[in-house]
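Asker: First, the structure itself, so that you have it in front of you.
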Amino acid sequence: MVLAFAESSHGKIKKAGLEAVHFAALTAAKMKTNCVALVFGEAADAASLGEYGATTVYQNVAPGLAHFDAQVYGAALADAAHQLGATLLVLSHSANGKALLGNVSYRLDAGSVSAVSDIPETENGFVVRKGVYSGKAIAEVAIDTPVKVLSVQGNAIPLQKIGNSAPVKSLELNVQASRITVLSADQQTGNAAPLPEAETVVSGGRGLKGPENWGILEDLANVLQATTACSRPVADADWRPHHEHVGQTGIAIRPNLYIAMGISGAIQHLAGVSQSKTIVVINNDPEAPFFKAANYGVVGDLFEVVPRLTEAIRNLKE
Amino acid sequence: MKILVCISKTPDTTAKITFRDGGLALDSTGITFIMNPYDEWYALVKALELQEKWGGTVSLVHVGMEDSEPIIRKGLAIGASDAFRIACDATSADQVAFQIATLAREQGFDILFTGKEAIDYQGAEVGSRIAAQLDVPFVSFASFLEMDSEKTARIRRDIEGGTETVQVDVPLVVSAAKGMAEQRIPNMRGIMTAKSKPLHVVTPVTYTGKVRVISHALPPAKKAVQFIAPDNMAELARLLREEAKVI
């Protein structure tokens with residue numbers, strides 16, 4: 001049986017959680033077994049995980065799971081995997097998923113691979129693929145242990161509804177006392193998806209000349225319902241918050257569409273964005289290295305080009 | 001305070017990546033190997049800042065063979081007190097974590113730092129596994145850390161679209177992300193004293209890795225960029241909808 005951990009936030013399953021369940025369900029079908037989902041905390045839409053392939057949704061609403069603690073979550077997840085007899089556990093490659101993967105794998109004596117990008121090969125052994133060297137290569141990794149744990153790269157597989165809503169059952173778990181006290185949380189609010197989950201990202205670099213010029217970028221992001229991002233120099237200069245920084249030392253993303261304006265495309269920036277499915281580069285320097293990684297390029301003054309693009313997309317959407 | 005800093009060896013960020021033996025192994029011809037930037041810039045420097053304020057020692061821990069010694073010496077030159085090299089090849093996250101956790105249990109520590117991830121395999125798993133094996137709290141992707149006393153740390157960690165600040169007592173495992181500290185360049189005195197600092201070579205414990213890399217491939221070549229005239233953004237919008245199908 002395949003167990004998927006569906007992360008939730010503010011009482012709702014996260015997109016990364018839906019992806020983990022769908023990935024687990026598609027893998028379970030190949031393994032000729034079924035997929036069940038596990039949710040910690042209240043989530044009004046837990047039953048809808050059935051639509052993405054879970055046959056049952058287990059839920060635990062213990063107060064001890066209200067805040068993320070890798071040790072507490074790791075122990076509870078391992079307990080669930082034991083109780084349910086899971087041979088494969090699927091997590092999201094999210095901030096919490098990354099902190100959890102090694103922990104729960106150690107407890108299950110399991111081989112583990114992070115940021116898996118394709119449904120595993122299960123015919124001859126168990127082999128997964130993942131991007132390595134900042135997207136410069138793809139590795140095939142065999143997992144040899146009876147119990148296996150994976151985390152799924154965000155936006156790696158298209159979400160498709162393949163079933164109906166599933167029964168939600170409560171599951172008693174070993175919930176340890178946390179040794180970590182959460183003092184405060186500072187999370188962006190608003191409608192845009194968080195960067196690692198975003199399907200469309202609009203990103204700006206030093207070519208925008210100053211934080212006061214971000215309006216044209218935000219207008220384009222609004223018409224595309226995109227999440228905004230920036231290059232490292234922009235974050236370092238405090239023009240934009242650090243959590244918007246994409247690249248080698250920031251967040252690695254792989255949206256369907258990445259639009260970069262005023263970013264030259266240093267190799268460290270490309271390392272974080274080169275796995276985007278479609279890349280548009282707008283830059284006034286025809287020699288900018290980013291054009292080599294782009295699908296579509298526009299050589300021109302971004303202060304003229306970007307408002308025109310926003311207008312053209314708005315016209316198309318009407 | 002007693003601090004352990006795990007360092008790993010990775011290809012330089014600008015390295016051109018190719019493979020040999022039918023994709024089995026990295027072709028290291030012409031590649032410069034460096035200390036993983038997250039380990040060097042953030043984990044090690046934060047450890048040194050804590051030592052400067054609270055006293056104690058900062059020890060490097062590395063899993064690798066003799067060819068890793070230049071990066072270990074660099075860590076000593078930046079300011080670490082001593083180093084442990086566990087003498088085996090690093091083959092998987094679970095194997096590296098098991099070796100380090102075994103040594104860390106013997107040595108004891110207040111804080112064990114790793115970088116956020118190694119820039120080659122990007123698993124971010126080693127710290128998480130060590131914490132599980134030693135049953136100590138784990139705080140991942142820390143971009144700020146201060147000790148409120150010798151026993152209690154206040155740590156800000158990066159989460160999707162923001163941060164979370166937590167309080168936790170030592171001993172603990174922390175993975176260090178950008179923002180934690182500022183990169184330090186070794187000075188001449190550091191480089192000279194590094195040569196005489198202790199570098200202990202440790203015999204690995206018996207352990208078989210749980211995953212195997214069986215091949216590598218390069219990503220499919222990207223089609224050449226298609227340029228669109230700057231006064232024809234309607235065409236770009238059309239291409240994004242009809243050709244790329246992304247809007």
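Residues in the structure tokens are named by chain (A, B, ... in the order shown) and by number from 1 within that chain; ligands are numbered from 1 in the order shown.
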Enumerate, in order of chain and increasing residue number, the residues of chain B with an atom no farther than 7 Å from chain A, each with its shortest atom pair and distance in Å to one decimal, counting only C-alpha atoms, as a Markdown table.

Answerer:
| residue | atom | partner | partner_atom | distance |
| --- | --- | --- | --- | --- |
| B:Thr13 | CA | A:Gln268 | CA | 7.0 |
| B:Thr14 | CA | A:Ile267 | CA | 6.5 |
| B:Ile17 | CA | A:Lys136 | CA | 6.6 |
| B:Ile119 | CA | A:Tyr133 | CA | 6.3 |
| B:Asp120 | CA | A:Tyr133 | CA | 4.3 |
| B:Tyr121 | CA | A:Val132 | CA | 5.1 |
| B:Gln122 | CA | A:Val132 | CA | 6.7 |
| B:Gly123 | CA | A:Ser114 | CA | 5.5 |
| B:Ala124 | CA | A:Lys98 | CA | 6.3 |
| B:Glu125 | CA | A:Gly102 | CA | 4.8 |
| B:Val126 | CA | A:Gly102 | CA | 6.7 |
| B:Ser128 | CA | A:Gly102 | CA | 4.9 |
| B:Arg129 | CA | A:Gly102 | CA | 4.5 |
| B:Ala132 | CA | A:Asn103 | CA | 5.1 |
| B:Gln133 | CA | A:Tyr106 | CA | 6.9 |
| B:Pro137 | CA | A:Gln71 | CA | 6.4 |
| B:Phe138 | CA | A:Ala70 | CA | 6.4 |
| B:Ser140 | CA | A:Ala99 | CA | 5.9 |
| B:Ile159 | CA | A:Ala95 | CA | 5.4 |
| B:Glu160 | CA | A:Pro194 | CA | 5.8 |
| B:Gly161 | CA | A:Pro194 | CA | 5.3 |
| B:Gly162 | CA | A:Gln187 | CA | 4.2 |
| B:Thr163 | CA | A:Asp186 | CA | 5.2 |
| B:Glu164 | CA | A:Ala185 | CA | 4.2 |
| B:Thr165 | CA | A:Ser184 | CA | 5.2 |
| B:Val166 | CA | A:Val182 | CA | 4.3 |
| B:Gln167 | CA | A:Thr181 | CA | 5.1 |
| B:Val168 | CA | A:Ile180 | CA | 5.0 |
| B:Lys178 | CA | A:Thr249 | CA | 6.5 |
| B:Lys210 | CA | A:Gly111 | CA | 4.6 |
| B:Val211 | CA | A:Ile143 | CA | 4.5 |
| B:Arg212 | CA | A:Ala142 | CA | 5.1 |
| B:Val213 | CA | A:Val141 | CA | 4.3 |
| B:Ile214 | CA | A:Val141 | CA | 5.6 |
| B:Ser215 | CA | A:Glu140 | CA | 5.2 |
| B:His216 | CA | A:Ala139 | CA | 4.3 |
| B:Ala217 | CA | A:Ile138 | CA | 5.2 |
| B:Leu218 | CA | A:Ala137 | CA | 4.5 |
| B:Pro219 | CA | A:Ala137 | CA | 5.7 |
| B:Ala224 | CA | A:Asn295 | CA | 7.0 |
| B:Val225 | CA | A:Asn295 | CA | 4.7 |
| B:Gln226 | CA | A:Tyr296 | CA | 4.8 |
| B:Phe227 | CA | A:Gly297 | CA | 4.6 |
| B:Ile228 | CA | A:Val298 | CA | 5.4 |
| B:Ala229 | CA | A:Val298 | CA | 6.3 |
| B:Pro230 | CA | A:Gly300 | CA | 5.7 |
| B:Met233 | CA | A:Leu309 | CA | 5.0 |
| B:Ala234 | CA | A:Ala312 | CA | 5.0 |
| B:Ala237 | CA | A:Ile313 | CA | 5.6 |
| B:Ala244 | CA | A:Thr278 | CA | 7.0 |
| B:Val246 | CA | A:Leu257 | CA | 6.2 |

Asker: Please produce a file of the residues just selected, as a tab-separated table (two decimals), in the first residue's frame, where the atoms kept are C-alpha atoms.

Answerer:
chain	number	residue	atom	x	y	z
B	13	THR	CA	28.73	26.31	-9.03
B	14	THR	CA	29.92	27.23	-12.53
B	17	ILE	CA	28.66	18.82	-15.74
B	119	ILE	CA	24.43	21.88	-4.31
B	120	ASP	CA	25.13	18.63	-6.18
B	121	TYR	CA	22.41	16.17	-5.06
B	122	GLN	CA	20.23	18.75	-3.31
B	123	GLY	CA	18.64	16.20	-1.01
B	124	ALA	CA	18.59	18.32	2.18
B	125	GLU	CA	18.35	15.00	4.02
B	126	VAL	CA	21.53	14.64	6.06
B	128	SER	CA	17.14	15.52	9.17
B	129	ARG	CA	18.48	11.96	9.39
B	132	ALA	CA	16.30	11.41	13.97
B	133	GLN	CA	19.16	9.03	14.77
B	137	PRO	CA	15.32	18.62	17.71
B	138	PHE	CA	15.94	19.64	14.09
B	140	SER	CA	15.71	23.35	8.96
B	159	ILE	CA	8.98	28.41	5.06
B	160	GLU	CA	6.86	28.88	1.90
B	161	GLY	CA	6.31	32.59	1.39
B	162	GLY	CA	7.69	33.69	4.75
B	163	THR	CA	9.44	32.75	7.97
B	164	GLU	CA	8.73	31.20	11.35
B	165	THR	CA	10.65	31.97	14.55
B	166	VAL	CA	11.14	29.18	17.08
B	167	GLN	CA	12.82	28.69	20.44
B	168	VAL	CA	14.63	25.47	21.23
B	178	LYS	CA	21.24	32.24	3.21
B	210	LYS	CA	20.00	2.29	1.02
B	211	VAL	CA	19.89	3.93	-2.41
B	212	ARG	CA	22.14	3.68	-5.49
B	213	VAL	CA	22.58	6.13	-8.34
B	214	ILE	CA	22.46	3.90	-11.41
B	215	SER	CA	22.80	6.48	-14.19
B	216	HIS	CA	22.90	10.16	-15.07
B	217	ALA	CA	21.61	11.88	-18.18
B	218	LEU	CA	21.89	15.42	-19.42
B	219	PRO	CA	18.59	17.26	-19.86
B	224	ALA	CA	17.01	27.86	-29.84
B	225	VAL	CA	15.37	30.96	-28.45
B	226	GLN	CA	12.68	32.52	-30.61
B	227	PHE	CA	13.00	36.32	-30.66
B	228	ILE	CA	9.90	38.51	-30.85
B	229	ALA	CA	10.05	42.17	-31.89
B	230	PRO	CA	9.61	44.50	-28.91
B	233	MET	CA	3.77	41.83	-27.80
B	234	ALA	CA	0.46	40.61	-29.20
B	237	ALA	CA	0.92	36.65	-26.03
B	244	ALA	CA	3.49	27.03	-25.35
B	246	VAL	CA	0.88	28.34	-20.66

Asker: Please provide the set of residues having any atom within 12 Å of Pro70 (chain B), restricted to only C-alpha atoms, with same-chain residues fewer than 6 positions apart removed, written as a VMD selection string.

Answerer: chain B and resid 8 to 9 32 to 35 62 64 76 to 77 85 191 194 to 195 199

Asker: Residues of the last selection are to be written out with N, CA and C atoms, as a compact mmCIF listing (two decimals), in the first residue's frame.

Answerer:
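Contents of part-v7.txt, as written:
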# COMPACT_ATOMS: atom_id res chain seq x y z
N SER B 8 30.53 19.35 3.14
CA SER B 8 30.63 18.40 2.04
C SER B 8 31.35 19.05 0.87
N LYS B 9 31.78 18.20 -0.04
CA LYS B 9 32.57 18.64 -1.18
C LYS B 9 31.67 18.59 -2.40
N THR B 32 36.66 22.08 -10.66
CA THR B 32 37.18 22.50 -9.38
C THR B 32 36.18 22.09 -8.30
N PHE B 33 36.67 21.42 -7.26
CA PHE B 33 35.78 21.06 -6.15
C PHE B 33 35.92 22.07 -5.03
N ILE B 34 34.79 22.42 -4.44
CA ILE B 34 34.77 23.45 -3.39
C ILE B 34 34.03 22.89 -2.17
N MET B 35 34.16 23.62 -1.04
CA MET B 35 33.32 23.32 0.10
C MET B 35 31.91 23.78 -0.26
N HIS B 62 33.61 15.71 8.12
CA HIS B 62 33.49 15.47 6.68
C HIS B 62 33.58 13.98 6.40
N GLY B 64 34.73 11.59 3.50
CA GLY B 64 35.40 11.62 2.20
C GLY B 64 36.83 11.12 2.31
N LEU B 76 39.45 25.02 8.22
CA LEU B 76 40.32 25.33 9.38
C LEU B 76 40.90 26.73 9.23
N ALA B 77 41.23 27.12 7.99
CA ALA B 77 41.79 28.46 7.76
C ALA B 77 40.76 29.54 8.04
N ARG B 85 37.80 13.71 9.63
CA ARG B 85 37.47 13.18 8.30
C ARG B 85 37.17 11.70 8.44
N ILE B 191 45.38 30.84 7.20
CA ILE B 191 45.91 29.82 6.29
C ILE B 191 47.16 29.17 6.89
N ALA B 194 46.16 26.95 9.95
CA ALA B 194 45.36 25.79 9.56
C ALA B 194 46.23 24.56 9.37
N LYS B 195 47.48 24.79 8.95
CA LYS B 195 48.37 23.66 8.66
C LYS B 195 48.69 22.86 9.92
N LEU B 199 43.73 17.38 12.36
CA LEU B 199 42.78 16.80 11.40
C LEU B 199 42.76 15.30 11.68

Asker: Pick out the residues sitting within 8 Å of Ser170 (chain A), and hand them over as JSON, numbers by chain; count only C-alpha atoms, and ignore anything fewer than 2 positions along from it in its own chain.

Answerer: {"A": [58, 59, 60, 168, 172]}

Asker: For the residues selected in the previous step, produce a file with N, CA, C and O atoms as a CSV table (one decimal), in the first residue's frame.

Answerer:
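For reference, part.csv as written:
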chain,number,residue,atom,x,y,z
A,58,TYR,N,-7.0,9.3,5.9
A,58,TYR,CA,-6.9,9.2,7.4
A,58,TYR,C,-6.5,10.6,7.9
A,58,TYR,O,-5.7,11.3,7.2
A,59,GLN,N,-7.0,10.9,9.1
A,59,GLN,CA,-6.8,12.2,9.6
A,59,GLN,C,-6.5,12.1,11.1
A,59,GLN,O,-7.0,11.3,11.8
A,60,ASN,N,-5.6,13.0,11.5
A,60,ASN,CA,-5.3,13.1,13.0
A,60,ASN,C,-5.3,14.5,13.3
A,60,ASN,O,-4.5,15.3,12.8
A,168,VAL,N,-13.3,9.8,5.0
A,168,VAL,CA,-12.3,10.3,5.9
A,168,VAL,C,-12.4,9.6,7.3
A,168,VAL,O,-13.5,9.6,7.9
A,172,GLU,N,-5.5,7.1,15.2
A,172,GLU,CA,-4.8,7.4,16.4
A,172,GLU,C,-3.3,7.2,16.1
A,172,GLU,O,-2.9,6.2,15.5

Asker: If you measure from CA of Thr27 (chain A) to CA of Ala6 (chain A), what distance in Å do you get, rounded to one decimal?

Answerer: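 Calculated distance between CA of Thr27 (chain A) and CA of Ala6 (chain A) is 15.5 Å.
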
Asker: So how many Å separate CA of Ala66 (chain A) and CA of Glu146 (chain B), to one decimal?

Answerer: 24.9 Å

Asker: Kindly give the distance, in Å, that separates CA of Leu38 (chain A) and CA of Ala4 (chain A), rounded to a single decimal.

Answerer: 6.2 Å

Asker: Which residue is closest to Ser175 (chain B)? Choose from B:Ser143, B:Thr203, B:Thr29, B:Thr193 and count only C-alpha atoms.

Answerer: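 Of B:Ser143, B:Thr203, B:Thr29, B:Thr193, the one nearest Ser175 (chain B), counting only C-alpha atoms, is B:Ser143.
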
Asker: Taking only C-alpha atoms into account, which of B:Lys53, B:Arg154, B:Arg20, B:Lys74 comes nearest Asn187 (chain B)?

Answerer: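 Nearest to Asn187 (chain B): B:Lys74.
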
Asker: Within region 38-285 of chain A, find each residue whose DSSP state, derived from the backbone, is strand (DSSP E or B), and express the selection as a ChimeraX atom specification.

Answerer: /A:38-40,56-60,88-92,111-116,121,127-132,137-143,148-152,168-170,180-187,200-204,227-230,245-246,251,257-261,278-283
